[in-house]
>>> print(open('entry_13.cif').read())   # mmCIF, C-alpha atoms
data_protein
#
loop_
_atom_site.label_atom_id
_atom_site.label_comp_id
_atom_site.auth_asym_id
_atom_site.auth_seq_id
_atom_site.Cartn_x
_atom_site.Cartn_y
_atom_site.Cartn_z
CA MET A 20 67.35 -34.33 8.57
CA THR A 21 65.46 -33.17 11.57
CA ALA A 22 61.70 -33.32 11.20
CA GLN A 23 60.12 -29.92 11.37
CA ALA A 24 57.64 -29.30 14.11
CA PRO A 25 54.07 -28.90 12.90
CA ALA A 26 52.97 -25.33 12.48
CA PRO A 27 50.79 -24.03 15.27
CA PRO A 28 47.10 -23.84 14.41
CA ASP A 29 45.97 -20.51 13.04
CA ARG A 30 43.52 -19.25 15.64
CA ARG A 31 42.23 -16.71 13.18
CA ALA A 32 41.05 -19.36 10.70
CA GLY A 33 37.71 -19.82 12.41
CA SER A 34 37.23 -16.07 12.54
CA ARG A 35 38.04 -15.71 8.85
CA SER A 36 35.69 -18.57 8.05
CA SER A 37 32.88 -16.93 10.01
CA TRP A 38 33.42 -13.63 8.22
CA ALA A 39 33.43 -15.39 4.86
CA LEU A 40 30.20 -17.15 5.82
CA ALA A 41 28.65 -13.84 6.88
CA ARG A 42 29.60 -12.18 3.59
CA ALA A 43 28.25 -15.10 1.59
CA GLU A 44 24.98 -15.16 3.52
CA ALA A 45 24.58 -11.39 3.23
CA SER A 46 25.00 -11.68 -0.53
CA ARG A 47 22.53 -14.56 -0.64
CA LEU A 48 19.90 -12.74 1.43
CA THR A 49 20.08 -9.54 -0.62
CA SER A 50 20.00 -11.55 -3.86
CA TYR A 51 16.32 -12.37 -3.40
CA ARG A 52 14.39 -10.16 -5.78
CA SER A 53 11.69 -9.31 -3.24
CA VAL A 54 14.25 -8.23 -0.64
CA ARG A 55 16.31 -6.24 -3.11
CA TRP A 56 13.35 -4.37 -4.56
CA ALA A 57 11.94 -3.69 -1.10
CA LEU A 58 15.23 -2.09 -0.06
CA TYR A 59 15.31 -0.02 -3.26
CA ALA A 60 11.72 1.11 -2.79
CA LEU A 61 11.98 1.91 0.93
CA PRO A 62 13.48 5.44 0.66
CA VAL A 63 11.05 6.38 -2.10
CA ILE A 64 8.06 5.19 -0.08
CA VAL A 65 9.19 6.92 3.11
CA ILE A 66 9.86 10.24 1.38
CA ALA A 67 6.55 10.02 -0.49
CA TYR A 68 4.75 9.32 2.80
CA GLY A 69 6.36 12.33 4.46
CA LEU A 70 5.70 14.64 1.53
CA SER A 71 2.07 13.49 1.38
CA LYS A 72 1.54 15.59 4.51
CA LEU A 73 1.96 18.63 2.29
CA LEU A 74 -1.00 17.48 0.19
CA LEU A 75 -3.21 16.34 3.06
CA HIS A 76 -2.93 19.53 5.11
CA ASP A 77 -3.52 23.23 4.48
CA THR A 78 -3.48 26.48 6.41
CA ASP A 79 -7.11 27.47 5.86
CA VAL A 80 -8.11 27.64 9.51
CA ALA A 81 -11.05 29.95 8.83
CA THR A 82 -12.79 27.41 6.63
CA ALA A 83 -12.22 24.68 9.21
CA TRP A 84 -13.88 26.80 11.90
CA THR A 85 -16.77 27.64 9.58
CA HIS A 86 -17.33 23.94 8.94
CA ALA A 87 -17.14 23.18 12.67
CA GLU A 88 -19.69 25.88 13.47
CA ALA A 89 -22.02 24.53 10.78
CA GLU A 90 -21.79 21.01 12.18
CA TYR A 91 -22.41 22.31 15.67
CA GLN A 92 -25.52 24.22 14.61
CA LYS A 93 -26.74 21.15 12.73
CA ALA A 94 -26.40 19.01 15.85
CA LEU A 95 -28.14 21.42 18.23
CA PRO A 96 -31.77 20.65 17.18
CA THR A 97 -31.28 16.90 17.51
CA ALA A 98 -29.50 16.98 20.86
CA PRO A 99 -32.63 16.75 23.08
CA SER A 100 -33.92 13.72 21.22
CA TYR A 101 -30.74 11.87 22.12
CA GLY A 102 -30.74 13.11 25.72
CA LEU A 103 -27.57 15.10 25.20
CA ASP A 104 -26.64 18.19 27.19
CA PHE A 105 -24.90 20.71 24.92
CA SER A 106 -24.34 23.28 27.65
CA SER A 107 -20.67 22.31 27.91
CA VAL A 108 -20.19 21.67 24.19
CA SER A 109 -19.13 24.18 21.54
CA ALA A 110 -18.08 24.26 17.92
CA ALA A 111 -14.59 23.37 19.07
CA ASN A 112 -15.78 19.78 19.50
CA TRP A 113 -16.31 19.60 15.72
CA TYR A 114 -13.13 21.45 14.78
CA HIS A 115 -10.50 19.45 12.89
CA GLU A 116 -7.08 21.07 12.66
CA PRO A 117 -6.23 21.44 8.95
CA ARG A 118 -2.59 22.34 9.60
CA TYR A 119 0.22 19.90 10.18
CA MET A 120 1.16 20.44 13.82
CA THR A 121 4.57 18.82 13.94
CA ALA A 122 4.85 18.84 17.74
CA THR A 123 1.98 16.36 18.04
CA GLU A 124 1.56 14.64 14.69
CA ALA A 125 5.21 13.66 14.22
CA PHE A 126 4.78 11.00 16.92
CA VAL A 127 1.77 9.53 15.14
CA ASP A 128 3.63 9.36 11.84
CA MET A 129 6.74 7.85 13.39
CA ARG A 130 4.58 5.20 15.06
CA ALA A 131 2.82 4.46 11.77
CA LEU A 132 6.14 4.13 9.94
CA MET A 133 7.70 1.79 12.48
CA SER A 134 4.54 -0.31 12.66
CA ALA A 135 4.60 -0.78 8.89
CA LEU A 136 8.32 -1.57 8.95
CA GLY A 137 7.69 -4.15 11.68
CA ALA A 138 5.28 -5.98 9.39
CA ALA A 139 7.79 -5.73 6.53
CA ALA A 140 10.58 -7.03 8.78
CA LEU A 141 8.41 -10.01 9.71
CA GLY A 142 8.17 -10.79 5.99
CA LEU A 143 11.92 -10.28 5.54
CA GLY A 144 12.63 -12.73 8.34
CA ILE A 145 10.28 -15.32 6.83
CA ILE A 146 12.08 -15.02 3.47
CA ALA A 147 15.50 -15.21 5.13
CA GLY A 148 14.56 -18.28 7.13
CA GLY A 149 12.29 -20.13 4.73
CA ALA A 150 13.29 -19.49 1.12
CA ASP A 151 16.20 -21.93 1.10
CA TRP A 152 14.08 -24.64 2.67
CA THR A 153 11.40 -24.20 0.04
CA SER A 154 13.96 -24.38 -2.79
CA ARG A 155 15.87 -27.23 -1.07
CA VAL A 156 19.06 -25.17 -1.18
CA MET A 157 19.45 -25.73 2.57
CA LEU A 158 20.60 -29.29 1.88
CA THR A 159 23.56 -27.99 -0.09
CA LEU A 160 24.30 -25.23 2.39
CA SER A 161 24.36 -27.67 5.30
CA THR A 162 26.81 -29.85 3.42
CA ALA A 163 29.08 -26.91 2.61
CA GLU A 164 28.81 -25.47 6.12
CA PRO A 165 28.55 -28.31 8.66
CA ARG A 166 28.51 -25.89 11.60
CA ARG A 167 24.74 -25.64 11.73
CA GLY A 168 24.69 -23.46 14.82
CA THR A 169 27.00 -20.92 13.20
CA LEU A 170 24.91 -20.86 10.03
CA PHE A 171 21.74 -20.33 12.07
CA ALA A 172 23.29 -17.54 14.17
CA VAL A 173 24.85 -15.74 11.18
CA ARG A 174 21.54 -15.68 9.31
CA ALA A 175 19.70 -14.48 12.40
CA ALA A 176 22.24 -11.69 12.93
CA LEU A 177 22.06 -10.60 9.28
CA THR A 178 18.26 -10.52 9.34
CA THR A 179 18.33 -8.41 12.47
CA ALA A 180 20.98 -6.07 11.07
CA ILE A 181 19.13 -5.49 7.79
CA ALA A 182 15.86 -4.82 9.61
CA ALA A 183 17.57 -2.43 12.03
CA GLY A 184 19.41 -0.66 9.21
CA ALA A 185 16.22 -0.21 7.21
CA ALA A 186 14.40 1.23 10.23
CA THR A 187 17.29 3.57 11.02
CA CYS A 188 17.45 4.95 7.47
CA ALA A 189 13.66 5.23 7.21
CA GLY A 190 13.41 7.28 10.38
CA LEU A 191 16.20 9.60 9.29
CA LEU A 192 14.44 10.17 5.97
CA LEU A 193 11.02 10.72 7.53
CA ILE A 194 11.90 13.42 10.05
CA PRO A 195 13.06 16.10 7.53
CA THR A 196 9.90 15.63 5.45
CA LEU A 197 7.73 16.10 8.54
CA LEU A 198 9.62 19.26 9.41
CA LEU A 199 9.05 20.47 5.86
CA ALA A 200 5.32 19.77 6.16
CA GLY A 201 5.18 21.68 9.44
CA HIS A 202 7.06 24.62 7.95
CA TRP A 203 4.92 24.96 4.82
CA LYS A 204 1.52 23.60 5.88
CA GLY A 205 1.41 23.90 9.64
CA SER A 206 3.48 24.88 12.62
CA LEU A 207 6.86 24.06 14.12
CA ASN A 208 5.95 25.48 17.51
CA GLY A 209 6.73 23.23 20.44
CA LEU A 210 9.83 21.58 18.98
CA ASP A 211 11.75 21.97 22.21
CA ALA A 212 14.16 19.66 23.99
CA ASP A 213 11.34 17.57 25.43
CA PHE A 214 9.90 16.99 21.96
CA TRP A 215 13.21 15.76 20.57
CA THR A 216 13.85 13.59 23.61
CA VAL A 217 10.50 11.85 23.27
CA LEU A 218 10.79 11.49 19.49
CA SER A 219 14.34 10.12 19.78
CA GLY A 220 13.16 7.56 22.31
CA GLN A 221 10.28 6.51 20.09
CA TYR A 222 12.65 6.27 17.13
CA ALA A 223 15.14 4.12 19.05
CA ARG A 224 12.40 1.81 20.35
CA GLY A 225 11.10 1.52 16.80
CA ILE A 226 14.48 0.30 15.56
CA VAL A 227 14.63 -2.38 18.25
CA TYR A 228 11.00 -3.34 17.59
CA VAL A 229 11.59 -3.75 13.84
CA SER A 230 14.70 -5.83 14.55
CA LEU A 231 12.80 -8.18 16.86
CA MET A 232 10.01 -8.55 14.32
CA GLY A 233 12.56 -9.62 11.72
CA LEU A 234 13.97 -12.13 14.18
CA LEU A 235 10.48 -13.45 14.90
CA GLY A 236 9.83 -14.06 11.20
CA TYR A 237 13.21 -15.72 10.78
CA GLY A 238 12.68 -18.04 13.74
CA LEU A 239 9.18 -18.97 12.59
CA ALA A 240 10.35 -19.86 9.07
CA MET A 241 13.37 -21.81 10.31
CA LEU A 242 11.15 -23.73 12.72
CA LEU A 243 8.53 -24.64 10.11
CA ARG A 244 11.11 -25.00 7.31
CA ARG A 245 8.82 -23.57 4.66
CA THR A 246 8.04 -19.99 3.61
CA SER A 247 4.40 -20.69 2.83
CA ALA A 248 3.79 -22.35 6.21
CA ALA A 249 5.37 -19.43 8.09
CA LEU A 250 3.34 -16.90 6.10
CA ALA A 251 0.16 -18.87 6.76
CA VAL A 252 0.81 -18.99 10.51
CA ALA A 253 1.57 -15.26 10.62
CA PHE A 254 -1.58 -14.43 8.62
CA VAL A 255 -3.85 -16.65 10.72
CA TYR A 256 -2.49 -15.16 13.93
CA LEU A 257 -2.81 -11.55 12.82
CA ALA A 258 -6.27 -12.12 11.32
CA PHE A 259 -7.94 -14.21 14.02
CA ALA A 260 -5.94 -14.22 17.25
CA GLU A 261 -7.06 -10.75 18.36
CA LYS A 262 -10.74 -11.71 18.18
CA LEU A 263 -10.15 -15.02 19.97
CA ILE A 264 -8.19 -13.29 22.73
CA GLY A 265 -10.87 -10.63 23.06
CA ASP A 266 -13.62 -13.27 23.30
CA TYR A 267 -11.96 -15.82 25.57
CA ALA A 268 -9.11 -14.02 27.36
CA PRO A 269 -9.94 -10.29 27.42
CA ASP A 270 -7.35 -9.65 30.13
CA LEU A 271 -4.67 -10.57 27.59
CA ASP A 272 -6.05 -8.33 24.86
CA GLU A 273 -3.13 -5.87 25.07
CA ARG A 274 -0.71 -8.80 24.78
CA HIS A 275 -1.78 -9.36 21.19
CA LEU A 276 0.91 -8.29 18.76
CA GLN A 277 -1.03 -5.18 17.76
CA GLY A 278 -1.36 -4.10 21.38
CA VAL A 279 2.31 -4.84 21.98
CA THR A 280 3.27 -2.72 18.98
CA PHE A 281 1.24 0.22 20.25
CA ALA A 282 2.72 -0.08 23.74
CA ILE A 283 6.30 -0.11 22.45
CA LEU A 284 5.81 2.80 20.05
CA ASN A 285 3.49 4.84 22.24
CA ASP A 286 4.89 8.31 22.88
CA LYS A 287 2.60 9.23 25.79
CA PRO A 288 2.93 8.20 29.45
CA VAL A 289 0.85 5.18 30.35
CA ILE A 290 -2.48 5.96 32.03
CA PRO A 291 -3.64 2.86 33.93
CA LEU A 292 -7.40 2.40 33.74
CA ALA A 293 -7.62 2.48 37.53
CA ASP A 294 -6.13 5.98 37.53
CA SER A 295 -8.11 7.24 34.57
CA ALA A 296 -11.01 9.66 34.93
CA CYS A 297 -12.86 7.70 32.25
CA MET A 298 -15.78 5.65 33.56
CA ALA A 299 -16.96 3.39 30.73
CA GLY A 300 -17.52 3.15 27.01
CA PRO A 301 -15.38 2.84 23.90
CA GLY A 302 -13.73 6.17 24.58
CA CYS A 303 -12.03 4.71 27.63
CA GLU A 304 -10.13 2.21 25.55
CA ALA A 305 -8.85 5.02 23.35
CA ILE A 306 -7.38 7.18 26.10
CA HIS A 307 -5.57 4.64 28.23
CA VAL A 308 -3.21 1.73 27.92
CA ASP A 309 -2.09 -0.52 30.75
CA LEU A 310 0.86 -2.14 28.97
CA THR A 311 4.01 -0.06 29.42
CA GLN A 312 6.86 0.21 26.96
CA ILE A 313 8.98 -2.18 29.03
CA GLY A 314 6.02 -4.53 29.31
CA GLY A 315 5.60 -4.36 25.56
CA PHE A 316 9.21 -5.34 24.95
CA LEU A 317 9.02 -8.17 27.46
CA THR A 318 5.87 -9.46 25.80
CA LEU A 319 7.47 -9.26 22.36
CA LEU A 320 10.47 -11.19 23.67
CA ALA A 321 8.01 -13.78 24.97
CA TYR A 322 6.91 -14.18 21.36
CA VAL A 323 10.39 -14.19 19.84
CA LEU A 324 12.60 -16.23 22.19
CA PRO A 325 10.59 -19.50 22.38
CA VAL A 326 10.20 -19.57 18.60
CA LEU A 327 13.88 -18.77 18.07
CA PHE A 328 15.12 -21.36 20.58
CA ALA A 329 12.82 -24.04 19.14
CA ALA A 330 14.04 -23.21 15.63
CA ALA A 331 17.69 -23.34 16.72
CA TRP A 332 17.15 -26.70 18.44
CA ARG A 333 15.44 -28.19 15.40
CA HIS A 334 18.08 -26.87 13.03
CA THR A 335 21.04 -28.16 15.04
CA ARG A 336 19.58 -31.37 16.49
CA THR A 337 17.37 -32.89 13.80
CA ASP A 338 17.94 -34.18 10.32
CA ILE A 339 17.78 -31.82 7.39
CA GLY A 340 15.70 -33.26 4.61
#
>>> encode(input="entry_13.cif", output="structure tokens")
Amino acid sequence: MTAQAPAPPDRRAGSRSSWALARAEASRLTSYRSVRWALYALPVIVIAYGLSKLLLHDTDVATAWTHAEAEYQKALPTAPSYGLDFSSVSAANWYHEPRYMTATEAFVDMRALMSALGAAALGLGIIAGGADWTSRVMLTLSTAEPRRGTLFAVRAALTTAIAAGAATCAGLLLIPTLLLAGHWKGSLNGLDADFWTVLSGQYARGIVYVSLMGLLGYGLAMLLRRTSAALAVAFVYLAFAEKLIGDYAPDLDERHLQGVTFAILNDKPVIPLADSACMAGPGCEAIHVDLTQIGGFLTLLAYVLPVLFAAAWRHTRTDIG
């Protein structure tokens, strides 16, 4: 008998194996109770946040102007003692709009939502990268899947995809509730093409921002190989780094993660301090920002990439134990 030639290797085997690994890791990641409940609760929280605008706003403009006039009259007698000139000031300076003005406030609410989701994505990434180290399951996984680089990349991609998907769905749920608030308790004036262009850009940047925050948490946990250690580092940074930067490196103040978040999600054109009409005082810091949206993304990548590369190197080049 003539020996049969060996069958050619199935080039699709590696692809099938990678897809099987991705499905298994997706199931593992969503099996964590904290992740599963967070995903269940997300639409409820977002809709409740949007509908809360109906409760926090009203259309009683007359009462708002009456209150502003009363505050203005109350401040007039004390103005000279503080050296204030009220000749260019009116009750309008004390007026607070009670209505929900969608054309301006929608940007604030979208920024608030994406900022909160960024923090949540950081936690998601820490769970995705650290939970199996804490429970020692990573030892078994590394034995079952010897391709450490593939395992690392698949988990990173899944974390990013879940974070991006959550941000996408949250934004789509938020916008109708804000339109409802504007219709019933405010105004929909100004919702022109420019408004939707700016809001769409902010929404898209928010999705990318949330994805990168998830990747940052994942890289940090995989580098430290413990959920508690990654959470501690994130907490210490967020709690103390801003003050340390402000005290010892004020020029880098906007490079703190909070400043980076604002720059990325900011809906207004950047007003460099040098071009601002503001002279000095706390008000100046509130009306300008020097870090552009592109600068914000580059700074965030400067946070993410070194941590991610260090984590990938440690995972693929050092012992697991």
>>> residues_around(input="entry_13.cif", residues="Val229 in chain A", least_positions_apart="4", cutoff="8 Å", atoms="all atoms listed in the file", output="PyMOL selection string")
chain A and resi 133-134+136-137+140+182-183+186+225+233
>>> residues_around(input="entry_13.cif", residues="Arg167 in chain A", least_positions_apart="4", cutoff="8 Å", atoms="only C-alpha atoms", output="PyMOL selection string")
chain A and resi 161+171+334-335
>>> resolve_selection(input="entry_13.cif", expression="the PyMOL selection byres ((chain A and resi 214) around 12)", output="number ranges by chain")
A: 121-126, 207-213, 215-221, 286-287
>>> residues_around(input="entry_13.cif", residues="Ser206 in chain A", least_positions_apart="2", cutoff="8 Å", atoms="only C-alpha atoms", output="list of chain:residue names")
A:Arg118, A:Tyr119, A:Met120, A:Thr121, A:Gly201, A:His202, A:Trp203, A:Lys204, A:Asn208
>>> closest_residue(input="entry_13.cif", among="A:Ala87, A:Ala150, A:Leu75, A:Ala94", to="Val54 in chain A", atoms="all atoms listed in the file")
A:Ala150
>>> resolve_selection(input="entry_13.cif", expression="the PyMOL selection byres ((chain A and resi 239-255) around 9)", output="ChimeraX atom specification")
/A:141-142,144-153,171,234-238,256-260,323,326-327,329-334
>>> write_last_selection(input="entry_13.cif", atoms="C-alpha atoms", output="short mmCIF file (atom, residue, chain, number, x, y, z; two decimals), in the frame of the given file")
data_model
loop_
_atom_site.label_atom_id
_atom_site.label_comp_id
_atom_site.auth_asym_id
_atom_site.auth_seq_id
_atom_site.Cartn_x
_atom_site.Cartn_y
_atom_site.Cartn_z
CA LEU A 141 8.41 -10.01 9.71
CA GLY A 142 8.17 -10.79 5.99
CA GLY A 144 12.63 -12.73 8.34
CA ILE A 145 10.28 -15.32 6.83
CA ILE A 146 12.08 -15.02 3.47
CA ALA A 147 15.50 -15.21 5.13
CA GLY A 148 14.56 -18.28 7.13
CA GLY A 149 12.29 -20.13 4.73
CA ALA A 150 13.29 -19.49 1.12
CA ASP A 151 16.20 -21.93 1.10
CA TRP A 152 14.08 -24.64 2.67
CA THR A 153 11.40 -24.20 0.04
CA PHE A 171 21.74 -20.33 12.07
CA LEU A 234 13.97 -12.13 14.18
CA LEU A 235 10.48 -13.45 14.90
CA GLY A 236 9.83 -14.06 11.20
CA TYR A 237 13.21 -15.72 10.78
CA GLY A 238 12.68 -18.04 13.74
CA TYR A 256 -2.49 -15.16 13.93
CA LEU A 257 -2.81 -11.55 12.82
CA ALA A 258 -6.27 -12.12 11.32
CA PHE A 259 -7.94 -14.21 14.02
CA ALA A 260 -5.94 -14.22 17.25
CA VAL A 323 10.39 -14.19 19.84
CA VAL A 326 10.20 -19.57 18.60
CA LEU A 327 13.88 -18.77 18.07
CA ALA A 329 12.82 -24.04 19.14
CA ALA A 330 14.04 -23.21 15.63
CA ALA A 331 17.69 -23.34 16.72
CA TRP A 332 17.15 -26.70 18.44
CA ARG A 333 15.44 -28.19 15.40
CA HIS A 334 18.08 -26.87 13.03
#
>>> atom_distance(input="entry_13.cif", atom1="CA of Phe281 in chain A", atom2="CA of Ala189 in chain A")
18.7 Å
>>> resolve_selection(input="entry_13.cif", expression="the PyMOL selection byres ((chain A and resi 38-41) around 8)", output="PDB file with C-alpha atoms, keeping the file's coordinate frame")
ATOM      1  CA  SER A  34      37.230 -16.070  12.540  1.00  0.00           C
ATOM      2  CA  ARG A  35      38.040 -15.710   8.850  1.00  0.00           C
ATOM      3  CA  SER A  36      35.690 -18.570   8.050  1.00  0.00           C
ATOM      4  CA  SER A  37      32.880 -16.930  10.010  1.00  0.00           C
ATOM      5  CA  ARG A  42      29.600 -12.180   3.590  1.00  0.00           C
ATOM      6  CA  ALA A  43      28.250 -15.100   1.590  1.00  0.00           C
ATOM      7  CA  GLU A  44      24.980 -15.160   3.520  1.00  0.00           C
ATOM      8  CA  ALA A  45      24.580 -11.390   3.230  1.00  0.00           C
ATOM      9  CA  LEU A 170      24.910 -20.860  10.030  1.00  0.00           C
ATOM     10  CA  VAL A 173      24.850 -15.740  11.180  1.00  0.00           C
ATOM     11  CA  ARG A 174      21.540 -15.680   9.310  1.00  0.00           C
ATOM     12  CA  LEU A 177      22.060 -10.600   9.280  1.00  0.00           C
TER      13      LEU A 177
END
>>> atom_distance(input="entry_13.cif", atom1="CA of Ile264 in chain A", atom2="CA of Ala223 in chain A")
29.3 Å
>>> residues_around(input="entry_13.cif", residues="range 60-70 of chain A", least_positions_apart="4", cutoff="7 Å", atoms="all atoms listed in the file", output="list in words")
Trp56, Ala189, Leu192, Leu193, Thr196, Leu197 and Ala200 of chain A
>>> write_last_selection(input="entry_13.cif", atoms="C-alpha atoms", output="PDB file, in the frame of the given file")
ATOM      1  CA  TRP A  56      13.350  -4.370  -4.560  1.00  0.00           C
ATOM      2  CA  ALA A 189      13.660   5.230   7.210  1.00  0.00           C
ATOM      3  CA  LEU A 192      14.440  10.170   5.970  1.00  0.00           C
ATOM      4  CA  LEU A 193      11.020  10.720   7.530  1.00  0.00           C
ATOM      5  CA  THR A 196       9.900  15.630   5.450  1.00  0.00           C
ATOM      6  CA  LEU A 197       7.730  16.100   8.540  1.00  0.00           C
ATOM      7  CA  ALA A 200       5.320  19.770   6.160  1.00  0.00           C
TER       8      ALA A 200
END
>>> atom_distance(input="entry_13.cif", atom1="CA of Gln92 in chain A", atom2="CA of Asp79 in chain A")
20.6 Å
>>> closest_residue(input="entry_13.cif", among="A:Ser154, A:Asn112, A:Ser230, A:Thr159", to="Ala139 in chain A", atoms="only C-alpha atoms")
A:Ser230
